[in-house]
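Structure first, commentary second.
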Amino acid sequence: MTTRIVELRKGILKKNDELAAGLRQRYTAAGVLVLNLVSSPGTGKTAFLELTLRELRTRGARVAALVGDLETDNDARRLAASGAPVRQINTHGICHLDADMITSHLGGWQLDELDYLFIENVGNLVCPSSYDLGEKVRVALLSVTEGEDKPLKYPTLFNSADAAVITKMDLAVPCGFDRDLALKNINEIRPGIRIFETSAKTGAGMDTWLAYLAEEREGRK
Amino acid sequence: MHELSIISSIVESVTESLAAYPGAQVIEVRLRVGALASVVEDSLQFCYQIATEDTPLAGSKLVVNVLPVVMHCEPCGQDVTLPSLQSFRCPQCGEFVADLRQGRELEIEAIEIEENHDHAHC
Ligand SMILES: Nc1nc2c(ncn2[C@@H]2O[C@H](COP(=O)(O)OP(=O)(O)OP(=O)(O)O)[C@@H](O)[C@H]2O)c(=O)[nH]1
Ligand SMILES: [Mg+2]
């Protein structure tokens with residue numbers, strides 16, 4: 001009997017990373033801008049997306065969405081009301097979407113006929129940050145009712161984001177939301193990140209957000 | 001928490017690598033886990049025993065090496081280690097830092113095995 005150290009240096013999420021790299025190539029080749037929306041449950045991802053899909057369609061953009069939840073197709077039905085093609089991914093207990101689930105739910109969609117593909121992740125502030133879905137833009141959302149220190153409590157998620165959206169701004173005053181503190185905390189964890197302040201109830205902040213989407217899409221050509 | 005899927009992936013990887021060492025027994029599995037990897041060592045350890053039962057990794061020890069976050073500071077012109085995850089500022093000059101150089105790793109660094117020479121072909 002002899003003991004031996006075997007160097008492996010193997011990425012534990014290598015399979016996901018490889019699949020995600022493949023997806024990223026497909027998205028780029030098709031010219032579709034893909035965004036991955038992450039937040040805690042109830043932040044308002046679906047409400048924000050409902051409005052985003054509707055506004056983009058009004059402007060003539062071709063959009064689609066995938067939405068992940070443990071169970072139910074409620075969110076897919078809400079999003080489909082915009083008229084956009086939408087598919088629900090039920091993870092049955094898994095706390096995040098992974099690249100394999102995305103791959104298997106894209107079947108039959110012509111990516112090159114889309115301008116934007118939105119992926120609403122499972123409501124969870126921890127796990128989704130480890131799983132690359134091949135997206136170009138990871139959007140972390142935070143509602144005014146959750147506390148301004150969310151970014152400090154969940155730095156792994158906020159640090160991996162490319163854009164941040166503060167939702168439910170219509171409730172900022174009744175909730176005593178400290179806007180400056182929230183902006184400071186987000187910036188402390190992800191310096192320089194673009195931050196959007198929106199309300200799905202009033203539509204506030206959507207113009208700036210839609211302009212950003214158009215810029216990001218231009219940027220990838 | 002996705003510790004269980006992480007451990008399944010470890011079991012799969014290590015089992016693959018063991019093919020080159022027939023009859024070998026796994027003593028230890030060493031991981032490198034960045035502080036931003038969203039993985040909690042306690043939960044990993046907690047799941048490990050149960051999730052490796054009935055696999056070639058049963059009874060082995062899990063060693064988790066946590067790597068601090070290293071950022072590149074432009075003004076200082078060097079890589080700096082962040083003392084905490086509460087502020088992404090250079091600990092030397094206080095400027096914001098956005099260029100990540102270490103901290104998201106999630107990998108199996110090495111395994112320690114005990115080889116059984118009955119199986120060695122000589
Ligand atoms: N006042 C107000 N309420 C909102 C806003 N956006 C969402 N809500 C409400 O917040 C609740 C949760 O919104 P959802 O859009 O379902 O949140 P979600 O992040 O998709 O939730 P999960 O998919 O379960 O993680 C609902 O009752 C929404 O009506 C907003 O801008 N203002
Ligand atoms: Mg939702």
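Residues in the structure tokens are named by chain (A, B, ... in the order shown) and by number from 1 within that chain; ligands are numbered from 1 in the order shown.
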
Query raised in the report: Mind listing the residues within 9 Å of ligand 2, only C-alpha atoms and all ligand atoms counted, as a PyMOL selection string?
Result: chain A and resi 41-47+49+67-69+74-76+78+120-123

Take the residues from that selection and put them in a file with N, CA and C atoms, as a PDB file, in the first residue's frame.
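Result file follows (again_26.pdb):
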ATOM      1  N   PRO A  41     -37.074  35.711  -3.877  1.00  0.00           N
ATOM      2  CA  PRO A  41     -38.467  35.504  -4.276  1.00  0.00           C
ATOM      3  C   PRO A  41     -39.277  36.768  -4.003  1.00  0.00           C
ATOM      4  N   GLY A  42     -40.103  37.147  -4.964  1.00  0.00           N
ATOM      5  CA  GLY A  42     -41.036  38.242  -4.723  1.00  0.00           C
ATOM      6  C   GLY A  42     -40.505  39.647  -4.947  1.00  0.00           C
ATOM      7  N   THR A  43     -39.289  39.777  -5.450  1.00  0.00           N
ATOM      8  CA  THR A  43     -38.716  41.108  -5.688  1.00  0.00           C
ATOM      9  C   THR A  43     -39.475  41.852  -6.780  1.00  0.00           C
ATOM     10  N   GLY A  44     -40.086  41.066  -7.676  1.00  0.00           N
ATOM     11  CA  GLY A  44     -40.813  41.711  -8.771  1.00  0.00           C
ATOM     12  C   GLY A  44     -40.192  41.426 -10.131  1.00  0.00           C
ATOM     13  N   LYS A  45     -39.495  40.305 -10.255  1.00  0.00           N
ATOM     14  CA  LYS A  45     -38.878  39.933 -11.538  1.00  0.00           C
ATOM     15  C   LYS A  45     -39.943  39.791 -12.617  1.00  0.00           C
ATOM     16  N   THR A  46     -40.998  39.039 -12.299  1.00  0.00           N
ATOM     17  CA  THR A  46     -42.020  38.783 -13.313  1.00  0.00           C
ATOM     18  C   THR A  46     -42.739  40.070 -13.690  1.00  0.00           C
ATOM     19  N   ALA A  47     -43.086  40.871 -12.694  1.00  0.00           N
ATOM     20  CA  ALA A  47     -43.786  42.133 -12.973  1.00  0.00           C
ATOM     21  C   ALA A  47     -42.923  43.045 -13.845  1.00  0.00           C
ATOM     22  N   LEU A  49     -40.528  42.089 -15.859  1.00  0.00           N
ATOM     23  CA  LEU A  49     -40.410  41.485 -17.189  1.00  0.00           C
ATOM     24  C   LEU A  49     -41.680  41.655 -18.003  1.00  0.00           C
ATOM     25  N   VAL A  67     -38.713  31.155 -17.963  1.00  0.00           N
ATOM     26  CA  VAL A  67     -38.852  31.495 -16.555  1.00  0.00           C
ATOM     27  C   VAL A  67     -38.758  30.239 -15.683  1.00  0.00           C
ATOM     28  N   GLY A  68     -37.915  30.330 -14.678  1.00  0.00           N
ATOM     29  CA  GLY A  68     -37.683  29.188 -13.796  1.00  0.00           C
ATOM     30  C   GLY A  68     -38.399  29.351 -12.467  1.00  0.00           C
ATOM     31  N   ASP A  69     -39.107  28.299 -12.057  1.00  0.00           N
ATOM     32  CA  ASP A  69     -39.706  28.239 -10.728  1.00  0.00           C
ATOM     33  C   ASP A  69     -39.662  26.790 -10.286  1.00  0.00           C
ATOM     34  N   ASN A  74     -47.406  29.669 -13.340  1.00  0.00           N
ATOM     35  CA  ASN A  74     -48.050  30.976 -13.150  1.00  0.00           C
ATOM     36  C   ASN A  74     -47.270  32.102 -13.806  1.00  0.00           C
ATOM     37  N   ASP A  75     -45.954  32.118 -13.581  1.00  0.00           N
ATOM     38  CA  ASP A  75     -45.152  33.223 -14.118  1.00  0.00           C
ATOM     39  C   ASP A  75     -45.135  33.195 -15.644  1.00  0.00           C
ATOM     40  N   ALA A  76     -45.054  31.980 -16.212  1.00  0.00           N
ATOM     41  CA  ALA A  76     -45.058  31.878 -17.683  1.00  0.00           C
ATOM     42  C   ALA A  76     -46.369  32.418 -18.228  1.00  0.00           C
ATOM     43  N   ARG A  78     -48.312  34.680 -16.861  1.00  0.00           N
ATOM     44  CA  ARG A  78     -48.301  36.145 -16.750  1.00  0.00           C
ATOM     45  C   ARG A  78     -47.485  36.772 -17.879  1.00  0.00           C
ATOM     46  N   GLU A 120     -35.790  34.506 -16.545  1.00  0.00           N
ATOM     47  CA  GLU A 120     -36.070  34.810 -15.141  1.00  0.00           C
ATOM     48  C   GLU A 120     -35.642  33.606 -14.318  1.00  0.00           C
ATOM     49  N   ASN A 121     -34.657  33.804 -13.463  1.00  0.00           N
ATOM     50  CA  ASN A 121     -34.133  32.698 -12.670  1.00  0.00           C
ATOM     51  C   ASN A 121     -35.066  32.379 -11.500  1.00  0.00           C
ATOM     52  N   VAL A 122     -34.826  31.265 -10.838  1.00  0.00           N
ATOM     53  CA  VAL A 122     -35.568  30.903  -9.641  1.00  0.00           C
ATOM     54  C   VAL A 122     -35.270  31.953  -8.561  1.00  0.00           C
ATOM     55  N   GLY A 123     -36.291  32.378  -7.832  1.00  0.00           N
ATOM     56  CA  GLY A 123     -36.079  33.361  -6.770  1.00  0.00           C
ATOM     57  C   GLY A 123     -35.154  32.812  -5.699  1.00  0.00           C
TER      58      GLY A 123
END

Query raised in the report: Within 10 Å of chain A, which residues of chain B show up when using only C-alpha atoms, listed as number ranges by chain?
Result: B: 1-3, 5-14, 17-18, 24-33, 35-39, 85-89, 95-100, 103-118

What would the file look like if the residues just selected were written as a PDB file, in the first residue's frame with C-alpha atoms?
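Here's the written file result.pdb:
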ATOM      1  CA  MET B   1     -28.289  25.448  -1.417  1.00  0.00           C
ATOM      2  CA  HIS B   2     -26.856  23.318  -4.155  1.00  0.00           C
ATOM      3  CA  GLU B   3     -24.239  21.528  -2.090  1.00  0.00           C
ATOM      4  CA  SER B   5     -25.312  18.764  -6.743  1.00  0.00           C
ATOM      5  CA  ILE B   6     -21.765  19.978  -6.113  1.00  0.00           C
ATOM      6  CA  ILE B   7     -20.928  16.792  -4.269  1.00  0.00           C
ATOM      7  CA  SER B   8     -22.498  14.635  -6.976  1.00  0.00           C
ATOM      8  CA  SER B   9     -20.279  16.402  -9.450  1.00  0.00           C
ATOM      9  CA  ILE B  10     -17.230  15.773  -7.225  1.00  0.00           C
ATOM     10  CA  VAL B  11     -18.113  12.080  -6.959  1.00  0.00           C
ATOM     11  CA  GLU B  12     -18.428  11.848 -10.726  1.00  0.00           C
ATOM     12  CA  SER B  13     -15.112  13.612 -11.398  1.00  0.00           C
ATOM     13  CA  VAL B  14     -13.137  11.687  -8.810  1.00  0.00           C
ATOM     14  CA  SER B  17     -10.007   9.903 -12.358  1.00  0.00           C
ATOM     15  CA  LEU B  18      -9.826   6.711 -10.327  1.00  0.00           C
ATOM     16  CA  ALA B  24      -7.179   2.521  -5.159  1.00  0.00           C
ATOM     17  CA  GLN B  25      -8.957   3.924  -2.146  1.00  0.00           C
ATOM     18  CA  VAL B  26      -9.704   7.597  -1.715  1.00  0.00           C
ATOM     19  CA  ILE B  27      -8.316   9.039   1.518  1.00  0.00           C
ATOM     20  CA  GLU B  28      -8.867  12.717   0.942  1.00  0.00           C
ATOM     21  CA  VAL B  29     -10.435  15.110  -1.559  1.00  0.00           C
ATOM     22  CA  ARG B  30      -9.053  18.649  -1.632  1.00  0.00           C
ATOM     23  CA  LEU B  31     -11.104  21.537  -2.958  1.00  0.00           C
ATOM     24  CA  ARG B  32     -10.236  25.123  -3.814  1.00  0.00           C
ATOM     25  CA  VAL B  33     -13.237  27.316  -3.169  1.00  0.00           C
ATOM     26  CA  ALA B  35     -14.839  33.295  -1.211  1.00  0.00           C
ATOM     27  CA  LEU B  36     -17.289  34.423  -3.912  1.00  0.00           C
ATOM     28  CA  ALA B  37     -18.238  30.913  -5.003  1.00  0.00           C
ATOM     29  CA  SER B  38     -21.516  30.894  -3.035  1.00  0.00           C
ATOM     30  CA  VAL B  39     -20.595  27.654  -1.337  1.00  0.00           C
ATOM     31  CA  LEU B  85     -16.675  40.898   1.075  1.00  0.00           C
ATOM     32  CA  GLN B  86     -18.340  44.018   2.440  1.00  0.00           C
ATOM     33  CA  SER B  87     -16.475  46.494   0.333  1.00  0.00           C
ATOM     34  CA  PHE B  88     -14.792  46.171  -3.027  1.00  0.00           C
ATOM     35  CA  ARG B  89     -12.191  48.831  -2.392  1.00  0.00           C
ATOM     36  CA  GLU B  95     -10.262  53.196  -4.544  1.00  0.00           C
ATOM     37  CA  PHE B  96     -13.024  50.965  -5.901  1.00  0.00           C
ATOM     38  CA  VAL B  97     -11.784  47.801  -7.565  1.00  0.00           C
ATOM     39  CA  ALA B  98     -13.786  45.912 -10.195  1.00  0.00           C
ATOM     40  CA  ASP B  99     -11.207  43.667 -11.820  1.00  0.00           C
ATOM     41  CA  LEU B 100     -11.489  40.242 -10.180  1.00  0.00           C
ATOM     42  CA  GLY B 103     -12.423  34.406  -5.712  1.00  0.00           C
ATOM     43  CA  ARG B 104     -14.870  32.459  -7.878  1.00  0.00           C
ATOM     44  CA  GLU B 105     -12.913  29.193  -8.045  1.00  0.00           C
ATOM     45  CA  LEU B 106     -14.775  25.998  -7.374  1.00  0.00           C
ATOM     46  CA  GLU B 107     -12.513  23.113  -8.205  1.00  0.00           C
ATOM     47  CA  ILE B 108     -11.072  19.824  -7.109  1.00  0.00           C
ATOM     48  CA  GLU B 109      -7.414  20.534  -6.530  1.00  0.00           C
ATOM     49  CA  ALA B 110      -6.199  17.010  -5.826  1.00  0.00           C
ATOM     50  CA  ILE B 111      -7.083  13.690  -4.290  1.00  0.00           C
ATOM     51  CA  GLU B 112      -5.027  11.565  -1.975  1.00  0.00           C
ATOM     52  CA  ILE B 113      -5.374   7.874  -2.700  1.00  0.00           C
ATOM     53  CA  GLU B 114      -4.032   4.646  -1.303  1.00  0.00           C
ATOM     54  CA  GLU B 115      -2.968   2.319  -4.051  1.00  0.00           C
ATOM     55  CA  ASN B 116      -3.526  -1.372  -3.845  1.00  0.00           C
ATOM     56  CA  HIS B 117      -0.594  -3.084  -5.536  1.00  0.00           C
ATOM     57  CA  ASP B 118      -2.433  -6.368  -6.037  1.00  0.00           C
TER      58      ASP B 118
END

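Ranking A:Leu23, A:Cys175, A:Ala164, A:Leu114 by their shortest atom-to-atom distance to Trp209 (chain A), with only C-alpha atoms included, puts A:Ala164 first.
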
**Report entry** Selection: 10 Å around Thr202 (chain A), only C-alpha atoms, excl. self and same-chain fewer than 3 positions, as a PyMOL selection string
**Finding:** chain A and resi 168-170+198-199+205-206

Selection above as a file: C-alpha atoms, as a PDB file, in the first residue's frame:
ATOM      1  CA  LYS A 168     -41.182  48.781  -6.502  1.00  0.00           C
ATOM      2  CA  MET A 169     -39.982  52.386  -6.358  1.00  0.00           C
ATOM      3  CA  ASP A 170     -43.642  53.419  -5.979  1.00  0.00           C
ATOM      4  CA  THR A 198     -38.131  51.231 -11.571  1.00  0.00           C
ATOM      5  CA  SER A 199     -41.740  50.587 -10.724  1.00  0.00           C
ATOM      6  CA  GLY A 205     -37.631  54.222 -14.834  1.00  0.00           C
ATOM      7  CA  MET A 206     -38.593  52.001 -17.766  1.00  0.00           C
TER       8      MET A 206
END

Query raised in the report: Quick one: of A:Ala29, A:Leu53, A:Ala21, A:Leu133, who's nearest to Ser82 (chain A), counting only C-alpha atoms?
Result: A:Leu53

Requested in this report: Enumerate, as a PyMOL selection string, the complete set of residues in region 28-201 of chain A that a backbone-based DSSP assignment places in strand (DSSP E or B).
Outcome: chain A and resi 33-38+63-69+86-90+116-120+137-143+163-167+194-197

Take the residues that were just selected and, keeping C-alpha atoms, output them as a compact mmCIF listing (two decimals), in the first residue's frame.
# COMPACT_ATOMS: atom_id res chain seq x y z
CA LEU A 33 -29.11 39.66 -26.45
CA VAL A 34 -29.63 37.31 -23.50
CA LEU A 35 -30.26 38.52 -19.96
CA ASN A 36 -30.46 36.47 -16.75
CA LEU A 37 -32.60 38.04 -14.00
CA VAL A 38 -31.78 37.07 -10.43
CA VAL A 63 -38.59 39.06 -27.63
CA ALA A 64 -38.96 35.75 -25.80
CA ALA A 65 -38.61 34.58 -22.22
CA LEU A 66 -37.78 31.52 -20.18
CA VAL A 67 -38.85 31.49 -16.55
CA GLY A 68 -37.68 29.19 -13.80
CA ASP A 69 -39.71 28.24 -10.73
CA VAL A 86 -42.61 32.12 -23.16
CA ARG A 87 -41.62 28.80 -21.67
CA GLN A 88 -41.75 27.73 -18.04
CA ILE A 89 -38.94 25.66 -16.56
CA ASN A 90 -40.01 23.76 -13.44
CA TYR A 116 -33.89 39.73 -26.85
CA LEU A 117 -34.20 36.60 -24.74
CA PHE A 118 -34.93 37.09 -21.05
CA ILE A 119 -34.35 34.37 -18.49
CA GLU A 120 -36.07 34.81 -15.14
CA VAL A 137 -26.06 40.55 -18.96
CA ARG A 138 -26.79 39.31 -15.47
CA VAL A 139 -29.32 41.56 -13.79
CA ALA A 140 -29.63 41.56 -10.00
CA LEU A 141 -32.93 42.96 -8.73
CA LEU A 142 -33.67 44.39 -5.31
CA SER A 143 -37.00 45.78 -4.14
CA ALA A 163 -26.67 45.63 -13.99
CA ALA A 164 -28.85 46.23 -10.94
CA VAL A 165 -32.53 47.12 -10.84
CA ILE A 166 -34.27 48.55 -7.80
CA THR A 167 -37.93 47.56 -8.09
CA ARG A 194 -25.42 50.52 -13.90
CA ILE A 195 -28.37 50.91 -11.52
CA PHE A 196 -31.99 51.37 -12.65
CA GLU A 197 -34.79 52.52 -10.36

Report task. May I ask which of the residues A:Leu181, A:Val32, A:Leu19, A:Ala172 is the closest one to ligand 1, counting only C-alpha atoms and all ligand atoms? Result -> A:Ala172

Query raised in the report: In Å to one decimal, how far is atom 10 (O, counted along the ligand's line) of ligand 1 from CA of Arg179 (chain A)?
Result: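 Atom-to-atom, CA of Arg179 (chain A) and atom 10 (O, counted along the ligand's line) of ligand 1 are spaced 18.8 Å apart.
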